[in-house]
>>> print(open('coords-v2.cif').read())   # mmCIF, C-alpha atoms and all ligand atoms
data_upload
loop_
_atom_site.label_atom_id
_atom_site.label_comp_id
_atom_site.auth_asym_id
_atom_site.auth_seq_id
_atom_site.Cartn_x
_atom_site.Cartn_y
_atom_site.Cartn_z
CA MET A 26 -25.25 -29.67 17.79
CA SER A 27 -24.14 -28.97 14.26
CA GLU A 28 -23.28 -25.43 13.19
CA THR A 29 -25.49 -23.25 11.03
CA LEU A 30 -24.26 -20.29 9.05
CA VAL A 31 -25.50 -17.85 11.70
CA SER A 32 -24.11 -19.80 14.70
CA LEU A 33 -20.73 -20.10 13.00
CA TRP A 34 -20.75 -16.37 12.20
CA THR A 35 -21.60 -15.57 15.84
CA ASN A 36 -18.79 -17.79 17.13
CA VAL A 37 -16.28 -16.26 14.76
CA ARG A 38 -17.33 -12.74 15.70
CA ARG A 39 -16.90 -13.54 19.43
CA ARG A 40 -13.46 -15.08 18.85
CA LEU A 41 -12.32 -12.01 16.91
CA GLU A 42 -13.65 -9.69 19.62
CA SER A 43 -11.69 -11.63 22.28
CA ALA A 44 -8.56 -11.41 20.13
CA GLY A 45 -8.82 -7.59 20.15
CA VAL A 46 -9.63 -7.21 16.46
CA ASP A 47 -11.05 -3.73 15.66
CA THR A 48 -13.84 -4.68 13.24
CA PRO A 49 -15.03 -8.17 14.30
CA VAL A 50 -18.47 -8.03 12.64
CA PHE A 51 -17.13 -7.13 9.22
CA GLU A 52 -14.16 -9.47 9.42
CA ALA A 53 -16.27 -12.41 10.62
CA ARG A 54 -18.30 -12.08 7.44
CA LEU A 55 -15.20 -11.94 5.24
CA LEU A 56 -13.70 -15.01 6.92
CA LEU A 57 -16.95 -16.95 6.48
CA GLU A 58 -17.08 -15.97 2.83
CA ALA A 59 -13.45 -17.01 2.28
CA GLY A 60 -13.47 -20.17 4.41
CA ALA A 61 -16.95 -21.61 3.90
CA GLY A 62 -17.44 -20.40 0.35
CA VAL A 63 -20.70 -18.64 1.20
CA SER A 64 -21.77 -15.27 -0.14
CA ARG A 65 -22.85 -12.10 1.64
CA LEU A 66 -26.36 -12.79 0.33
CA ASP A 67 -26.38 -16.33 1.83
CA ILE A 68 -25.63 -14.89 5.26
CA VAL A 69 -28.64 -12.58 5.00
CA THR A 70 -31.13 -14.82 3.22
CA ASP A 71 -30.22 -18.31 4.44
CA PRO A 72 -28.75 -17.92 7.96
CA ARG A 73 -29.89 -21.37 9.16
CA ARG A 74 -28.13 -23.24 6.39
CA PRO A 75 -26.19 -26.15 7.98
CA MET A 76 -22.43 -25.97 7.70
CA SER A 77 -20.45 -29.11 6.85
CA ASP A 78 -17.50 -30.22 8.99
CA ALA A 79 -15.19 -29.24 6.15
CA GLN A 80 -16.64 -25.72 6.06
CA VAL A 81 -16.34 -25.33 9.85
CA GLU A 82 -12.71 -26.54 9.79
CA ALA A 83 -11.78 -24.26 6.91
CA VAL A 84 -13.24 -21.25 8.69
CA ASP A 85 -11.55 -22.24 11.95
CA ALA A 86 -8.15 -22.37 10.24
CA LEU A 87 -8.60 -18.80 8.97
CA VAL A 88 -9.88 -17.54 12.32
CA GLN A 89 -6.85 -19.00 14.12
CA ARG A 90 -4.61 -16.98 11.81
CA ARG A 91 -6.59 -13.80 12.48
CA GLU A 92 -6.55 -14.50 16.25
CA ALA A 93 -2.76 -14.44 15.96
CA ARG A 94 -3.32 -10.93 14.44
CA GLU A 95 -2.19 -11.87 10.94
CA PRO A 96 -3.59 -9.06 8.72
CA MET A 97 -6.86 -9.77 6.93
CA SER A 98 -5.17 -8.79 3.66
CA HIS A 99 -2.68 -11.67 4.05
CA ILE A 100 -5.40 -14.17 4.94
CA ILE A 101 -7.68 -13.13 2.08
CA GLY A 102 -4.78 -12.29 -0.26
CA ARG A 103 -6.43 -9.12 -1.54
CA ARG A 104 -6.86 -5.47 -0.63
CA HIS A 105 -9.00 -2.68 -2.01
CA PHE A 106 -7.05 0.50 -2.81
CA TRP A 107 -8.42 3.58 -4.60
CA THR A 108 -10.59 1.97 -7.32
CA LEU A 109 -8.52 -1.21 -7.53
CA ASP A 110 -8.80 -4.70 -6.08
CA LEU A 111 -5.15 -5.70 -5.62
CA ALA A 112 -3.40 -8.98 -4.88
CA VAL A 113 -1.21 -8.68 -1.79
CA SER A 114 1.09 -11.07 0.09
CA PRO A 115 3.45 -10.99 3.07
CA ASP A 116 6.10 -9.68 0.62
CA VAL A 117 4.42 -6.30 0.15
CA LEU A 118 3.12 -3.57 2.40
CA THR A 119 -0.66 -3.76 2.54
CA PRO A 120 -1.73 -0.53 0.79
CA ARG A 121 -3.11 2.01 3.27
CA PRO A 122 -6.10 4.36 2.94
CA GLU A 123 -3.91 7.42 3.69
CA THR A 124 -1.79 6.61 0.63
CA GLU A 125 -4.82 7.40 -1.53
CA LEU A 126 -3.99 11.07 -0.86
CA LEU A 127 -0.82 10.64 -2.94
CA VAL A 128 -2.91 9.19 -5.77
CA GLU A 129 -5.36 12.09 -5.49
CA PHE A 130 -2.46 14.55 -5.72
CA ALA A 131 -0.97 12.74 -8.74
CA LEU A 132 -4.29 12.79 -10.58
CA LYS A 133 -4.68 16.52 -9.91
CA THR A 134 -1.16 17.09 -11.21
CA LEU A 135 -1.52 15.15 -14.48
CA ALA A 136 -3.94 16.32 -17.17
CA PRO A 137 -6.37 13.57 -18.29
CA ASP A 138 -4.67 13.07 -21.68
CA GLN A 139 -1.12 13.86 -20.67
CA PRO A 140 1.39 11.30 -22.01
CA ALA A 141 3.26 11.69 -18.73
CA ARG A 142 6.21 9.63 -17.54
CA VAL A 143 5.74 8.68 -13.88
CA LEU A 144 8.31 7.13 -11.51
CA ASP A 145 7.23 5.31 -8.32
CA LEU A 146 10.15 4.60 -5.97
CA GLY A 147 9.36 1.64 -3.67
CA VAL A 148 6.48 0.44 -5.83
CA GLY A 149 5.57 -2.55 -3.58
CA SER A 150 2.26 -4.06 -4.69
CA GLY A 151 2.05 -1.40 -7.43
CA ALA A 152 -0.81 0.33 -5.63
CA ILE A 153 0.15 3.96 -6.30
CA LEU A 154 1.49 3.67 -9.83
CA LEU A 155 -1.26 1.33 -11.04
CA ALA A 156 -3.99 3.57 -9.57
CA VAL A 157 -2.50 6.54 -11.45
CA LEU A 158 -1.93 4.73 -14.76
CA ASN A 159 -5.42 3.26 -14.61
CA GLU A 160 -6.90 6.78 -14.69
CA ARG A 161 -4.40 8.42 -17.05
CA PRO A 162 -4.60 6.27 -20.20
CA LYS A 163 -1.71 7.99 -22.01
CA ALA A 164 0.68 7.91 -19.05
CA THR A 165 3.42 5.32 -18.65
CA GLY A 166 5.49 4.53 -15.62
CA VAL A 167 8.51 2.93 -14.01
CA GLY A 168 8.22 1.24 -10.62
CA VAL A 169 11.40 0.48 -8.66
CA ASP A 170 11.70 -1.80 -5.66
CA ARG A 171 14.56 -3.55 -3.89
CA SER A 172 12.38 -6.60 -3.30
CA ALA A 173 12.08 -9.00 -6.24
CA ALA A 174 9.16 -10.70 -4.48
CA ALA A 175 7.29 -7.39 -4.23
CA LEU A 176 7.93 -6.72 -7.92
CA ALA A 177 6.37 -10.11 -8.77
CA ILE A 178 3.16 -9.04 -6.98
CA ALA A 179 3.22 -5.66 -8.76
CA ALA A 180 3.63 -7.47 -12.10
CA ALA A 181 0.68 -9.77 -11.34
CA ASN A 182 -1.46 -6.75 -10.42
CA ALA A 183 -0.43 -4.91 -13.59
CA GLU A 184 -1.32 -7.98 -15.66
CA ALA A 185 -4.73 -8.36 -13.98
CA LEU A 186 -5.48 -4.68 -14.64
CA LYS A 187 -4.24 -4.92 -18.25
CA LEU A 188 -1.64 -2.25 -17.53
CA SER A 189 1.50 -4.34 -18.18
CA ASP A 190 2.25 -2.56 -21.45
CA ARG A 191 2.44 0.83 -19.70
CA ILE A 192 4.52 -0.10 -16.67
CA GLU A 193 8.15 -1.14 -16.35
CA LEU A 194 9.14 -2.80 -13.08
CA VAL A 195 12.79 -2.57 -12.10
CA GLU A 196 14.70 -4.14 -9.22
CA GLY A 197 17.00 -1.54 -7.72
CA ASP A 198 18.16 0.58 -4.81
CA TRP A 199 15.96 3.66 -5.08
CA ALA A 200 16.88 5.61 -8.22
CA ASN A 201 20.50 4.42 -8.47
CA GLY A 202 19.92 2.61 -11.76
CA VAL A 203 17.41 5.09 -13.22
CA THR A 204 18.83 7.42 -15.86
CA GLU A 205 15.64 8.84 -17.43
CA THR A 206 13.80 12.02 -16.41
CA PHE A 207 10.13 12.11 -15.37
CA ASP A 208 7.13 14.46 -15.25
CA LEU A 209 6.15 13.09 -11.86
CA VAL A 210 8.14 11.25 -9.18
CA LEU A 211 6.12 9.58 -6.43
CA SER A 212 7.18 7.61 -3.37
CA ASN A 213 5.76 6.15 -0.21
CA PRO A 214 9.04 4.92 1.25
CA PRO A 215 9.62 3.13 4.57
CA TYR A 216 9.39 5.88 7.20
CA VAL A 217 9.02 4.28 10.63
CA ALA A 218 11.94 4.92 13.00
CA SER A 219 13.58 1.52 13.64
CA ASN A 220 13.00 1.65 17.41
CA ASP A 221 9.28 2.43 16.92
CA ILE A 222 8.52 -0.73 14.88
CA PRO A 223 7.94 -3.10 17.84
CA ALA A 224 5.24 -0.73 19.23
CA LEU A 225 3.17 -0.76 16.03
CA ALA A 226 -0.05 -2.81 15.85
CA PRO A 227 0.74 -6.55 15.83
CA GLU A 228 -0.62 -6.83 12.28
CA VAL A 229 2.11 -4.44 11.13
CA ALA A 230 5.02 -5.16 13.48
CA ARG A 231 4.80 -8.97 13.16
CA TYR A 232 3.70 -9.44 9.58
CA GLU A 233 4.56 -6.53 7.28
CA PRO A 234 7.97 -6.69 5.56
CA LYS A 235 10.65 -4.79 7.53
CA LEU A 236 12.00 -3.47 4.23
CA ALA A 237 8.69 -1.67 3.74
CA LEU A 238 8.64 -0.14 7.25
CA ASP A 239 12.12 0.58 8.51
CA GLY A 240 13.22 4.16 7.86
CA GLY A 241 16.38 3.98 9.98
CA ALA A 242 17.18 5.68 13.28
CA ASP A 243 15.00 8.78 12.69
CA GLY A 244 12.73 7.34 9.98
CA LEU A 245 14.18 9.63 7.32
CA ASP A 246 16.89 7.46 5.69
CA ALA A 247 14.86 6.73 2.55
CA TYR A 248 13.97 10.41 2.04
CA ARG A 249 17.67 11.33 2.27
CA ALA A 250 18.53 8.76 -0.40
CA ILE A 251 15.63 9.69 -2.68
CA THR A 252 15.93 13.48 -2.45
CA ALA A 253 19.66 13.23 -3.26
CA SER A 254 18.75 12.11 -6.80
CA LEU A 255 15.47 14.00 -7.16
CA ALA A 256 16.73 16.99 -9.19
CA ARG A 257 18.28 14.75 -11.85
CA LEU A 258 15.14 12.54 -12.03
CA LEU A 259 12.74 15.42 -12.76
CA LYS A 260 12.21 17.10 -16.11
CA PRO A 261 12.28 20.92 -15.89
CA GLY A 262 8.94 21.80 -14.26
CA GLY A 263 8.55 18.17 -13.12
CA VAL A 264 6.67 17.47 -9.88
CA PHE A 265 7.47 15.18 -6.94
CA ALA A 266 5.25 13.99 -4.09
CA PHE A 267 6.08 11.78 -1.13
CA GLU A 268 3.96 10.28 1.61
CA VAL A 269 5.46 11.06 5.02
CA GLY A 270 4.92 9.83 8.57
CA GLN A 271 3.45 11.93 11.34
CA GLY A 272 5.77 14.83 12.25
CA GLN A 273 8.11 14.30 9.26
CA ALA A 274 6.70 16.81 6.74
CA ASP A 275 8.98 19.77 7.58
CA ALA A 276 12.13 17.66 7.65
CA VAL A 277 11.31 16.01 4.29
CA ALA A 278 10.44 19.36 2.67
CA ALA A 279 13.78 20.72 3.95
CA LEU A 280 15.63 17.76 2.37
CA ALA A 281 14.00 18.53 -1.00
CA ALA A 282 14.62 22.27 -0.68
CA ALA A 283 18.30 21.58 0.06
CA GLN A 284 18.50 20.00 -3.43
CA GLY A 285 17.23 23.23 -5.03
CA LEU A 286 13.62 22.11 -5.43
CA PHE A 287 10.56 24.27 -4.73
CA THR A 288 8.20 22.85 -2.11
CA THR A 289 4.52 23.52 -1.42
CA PRO A 290 2.67 23.22 1.92
CA ALA A 291 2.02 19.59 2.88
CA LEU A 292 -1.40 18.08 2.22
CA ARG A 293 -3.20 16.80 5.29
CA ASP A 294 -4.93 13.42 5.53
CA LEU A 295 -8.42 12.86 6.98
CA ALA A 296 -6.95 12.83 10.50
CA GLY A 297 -5.43 16.29 9.89
CA ILE A 298 -1.86 14.92 9.76
CA PRO A 299 0.47 16.53 7.15
CA ARG A 300 0.83 13.48 4.90
CA VAL A 301 2.00 14.44 1.40
CA VAL A 302 5.07 16.60 0.80
CA SER A 303 5.28 17.85 -2.76
CA GLY A 304 7.09 20.34 -4.93
CA ARG A 305 8.71 20.85 -8.32
CA ARG A 306 11.88 21.49 -10.23
CA ALA A 307 12.10 24.95 -11.78
CA ALA A 308 10.75 25.05 -15.35
C1 LIG B 1 6.05 1.69 2.52
S1 LIG B 1 6.28 0.51 1.24
C2 LIG B 1 5.25 1.22 -0.05
C3 LIG B 1 4.71 0.22 -1.04
C4 LIG B 1 3.67 0.83 -2.01
N1 LIG B 1 4.27 1.86 -2.82
C5 LIG B 1 2.47 1.39 -1.25
O1 LIG B 1 2.42 2.61 -1.09
O2 LIG B 1 1.62 0.62 -0.81
C6 LIG B 1 7.93 0.91 0.75
C7 LIG B 1 8.50 0.07 -0.39
O3 LIG B 1 9.85 0.48 -0.60
C8 LIG B 1 10.65 -0.65 -0.89
N2 LIG B 1 12.05 -0.35 -0.59
C9 LIG B 1 12.66 -0.34 0.62
N3 LIG B 1 13.95 -0.01 0.48
C10 LIG B 1 14.17 0.21 -0.85
C11 LIG B 1 15.30 0.61 -1.62
N4 LIG B 1 16.50 0.82 -1.05
N5 LIG B 1 15.15 0.74 -2.96
C12 LIG B 1 13.95 0.52 -3.54
N6 LIG B 1 12.83 0.15 -2.86
C13 LIG B 1 12.95 0.00 -1.53
C14 LIG B 1 10.04 -1.75 -0.04
O4 LIG B 1 10.39 -3.03 -0.53
C15 LIG B 1 8.55 -1.42 -0.14
O5 LIG B 1 7.96 -2.12 -1.21
#
>>> encode(input="coords-v2.cif", output="structure tokens")
Amino acid sequence: MSETLVSLWTNVRRRLESAGVDTPVFEARLLLEAGAGVSRLDIVTDPRRPMSDAQVEAVDALVQRREAREPMSHIIGRRHFWTLDLAVSPDVLTPRPETELLVEFALKTLAPDQPARVLDLGVGSGAILLAVLNERPKATGVGVDRSAAALAIAAANAEALKLSDRIELVEGDWANGVTETFDLVLSNPPYVASNDIPALAPEVARYEPKLALDGGADGLDAYRAITASLARLLKPGGVFAFEVGQGQADAVAALAAAQGLFTTPALRDLAGIPRVVSGRRAA
């Protein structure tokens, strides 16, 4: 019997459930939209529409990838972050909801019309810096990453958001090549302890770039490197904020304090985990 839209959707949902995917109903719809070229409205209003062999095969190819626990963001090639719809690829970390807390902090720190200079160390897809620049029209920023492939994605996202003229993307090892000073320094660096990576969800452990995850033996290597240059990167009175992993907030605040910077209590994410360590250089 040939497939209809609703029978195909049901089959896909069941396959995703068996593969251990967390949100099979939602993802089945996205895979049908991407593979069969149908819309959300078609699924609701025309569920008995017959599917062609080509549509069924295209959907099957996507489902096989998801059954192997490839992230949805890689299969679809896009991810929503803050107010932005971003291009993503296997070369960048898929932006996470908890990272929106860093954006929220940055937007509270910068006045709406402030012509601020913002530095994002480990810019990846551009998620953090682009979200901030998009809402602070007079701000400009520099995004550094060691991965040229990640910087190409960030550049494509900047172009699509018409923010290319306010962002400079630089290939480098943290702030080693950065000589300017900034009003705000942001970073969501790799912070997973090397030995913990294999135990992460398959979507992360198998598919996300190791360069975006691996924080060394205790997960803190990147913070050590970044805090070492933090005082010289900040203007007097300049602010820094870093995303941290669970249980890392005190250690990261201590690294910043050891460089003579003032720190403030960490902000907690929706799960109650201290997630953003921030502070400032004396005015
Ligand atoms: C956790 S990801 C964050 C990406 C993005 N900012 C976000 O929040 O979605 C960390 C980023 O740091 C970059 N990175 C790792 N080591 C680096 C280094 N030594 N210098 C600069 N960037 C580095 C990775 O390539 C990756 O893009």
>>> closest_atom_pairs(input="coords-v2.cif", of="chain A", to="ligand LIG 1 (chain B)", cutoff="6 Å", atoms="only C-alpha atoms and all ligand atoms", output="tab-separated table")
residue	atom	partner	partner_atom	distance
A:Val117	CA	B:LIG1	O5	5.6
A:Leu118	CA	B:LIG1	S1	5.3
A:Thr119	CA	B:LIG1	O2	6.0
A:Pro120	CA	B:LIG1	O2	3.9
A:Gly147	CA	B:LIG1	O3	3.3
A:Val148	CA	B:LIG1	N1	4.0
A:Gly149	CA	B:LIG1	O5	3.4
A:Ser150	CA	B:LIG1	C4	5.8
A:Ala152	CA	B:LIG1	O2	5.4
A:Ile153	CA	B:LIG1	N1	5.8
A:Val169	CA	B:LIG1	C12	5.7
A:Asp170	CA	B:LIG1	N6	3.6
A:Arg171	CA	B:LIG1	C12	4.1
A:Ser172	CA	B:LIG1	O4	4.9
A:Gly197	CA	B:LIG1	C12	5.6
A:Asp198	CA	B:LIG1	N5	3.5
A:Trp199	CA	B:LIG1	N5	3.7
A:Asn213	CA	B:LIG1	O1	4.9
A:Pro214	CA	B:LIG1	C6	4.2
A:Pro215	CA	B:LIG1	C1	4.4
A:Leu236	CA	B:LIG1	C9	4.8
A:Ala237	CA	B:LIG1	C15	3.9
A:Leu238	CA	B:LIG1	C1	5.7
>>> residues_around(input="coords-v2.cif", residues="region 261-272 of chain A", least_positions_apart="2", cutoff="7 Å", atoms="all atoms listed in the file", output="list in words")
Thr124, Leu127, Phe207, Asp208, Leu209, Val210, Leu211, Ser212, Asn213, Tyr216, Leu259, Ala274, Ile298, Pro299, Arg300, Val301, Val302, Ser303, Gly304, Arg305, Arg306, Ala307 and Ala308 of chain A
>>> atom_distance(input="coords-v2.cif", atom1="CA of Ala164 (chain A)", atom2="CA of Arg191 (chain A)")
7.3 Å
>>> atom_distance(input="coords-v2.cif", atom1="CA of Val113 (chain A)", atom2="CA of Ala185 (chain A)")
12.7 Å
>>> closest_residue(input="coords-v2.cif", among="A:Thr252, A:Phe106, A:Thr29, A:Val217", to="Lys235 (chain A)", atoms="all atoms listed in the file")
A:Val217
>>> axis_aligned_box(input="coords-v2.cif", around="region 223-227 of chain A", padding_each_side="6 Å", output="AutoDock Vina command-line options")
--center_x 3.9 --center_y -3.6 --center_z 17.5 --size_x 20.0 --size_y 17.8 --size_z 15.4
>>> closest_residue(input="coords-v2.cif", among="A:Glu42, A:Glu95, A:Asp145, A:Glu82", to="Ser114 (chain A)", atoms="only C-alpha atoms")
A:Glu95
>>> atom_distance(input="coords-v2.cif", atom1="CA of Tyr232 (chain A)", atom2="CA of Leu186 (chain A)")
26.3 Å
>>> closest_residue(input="coords-v2.cif", among="A:Ile192, A:Leu111, A:Leu135, A:Leu33", to="Ala83 (chain A)", atoms="all atoms listed in the file")
A:Leu33
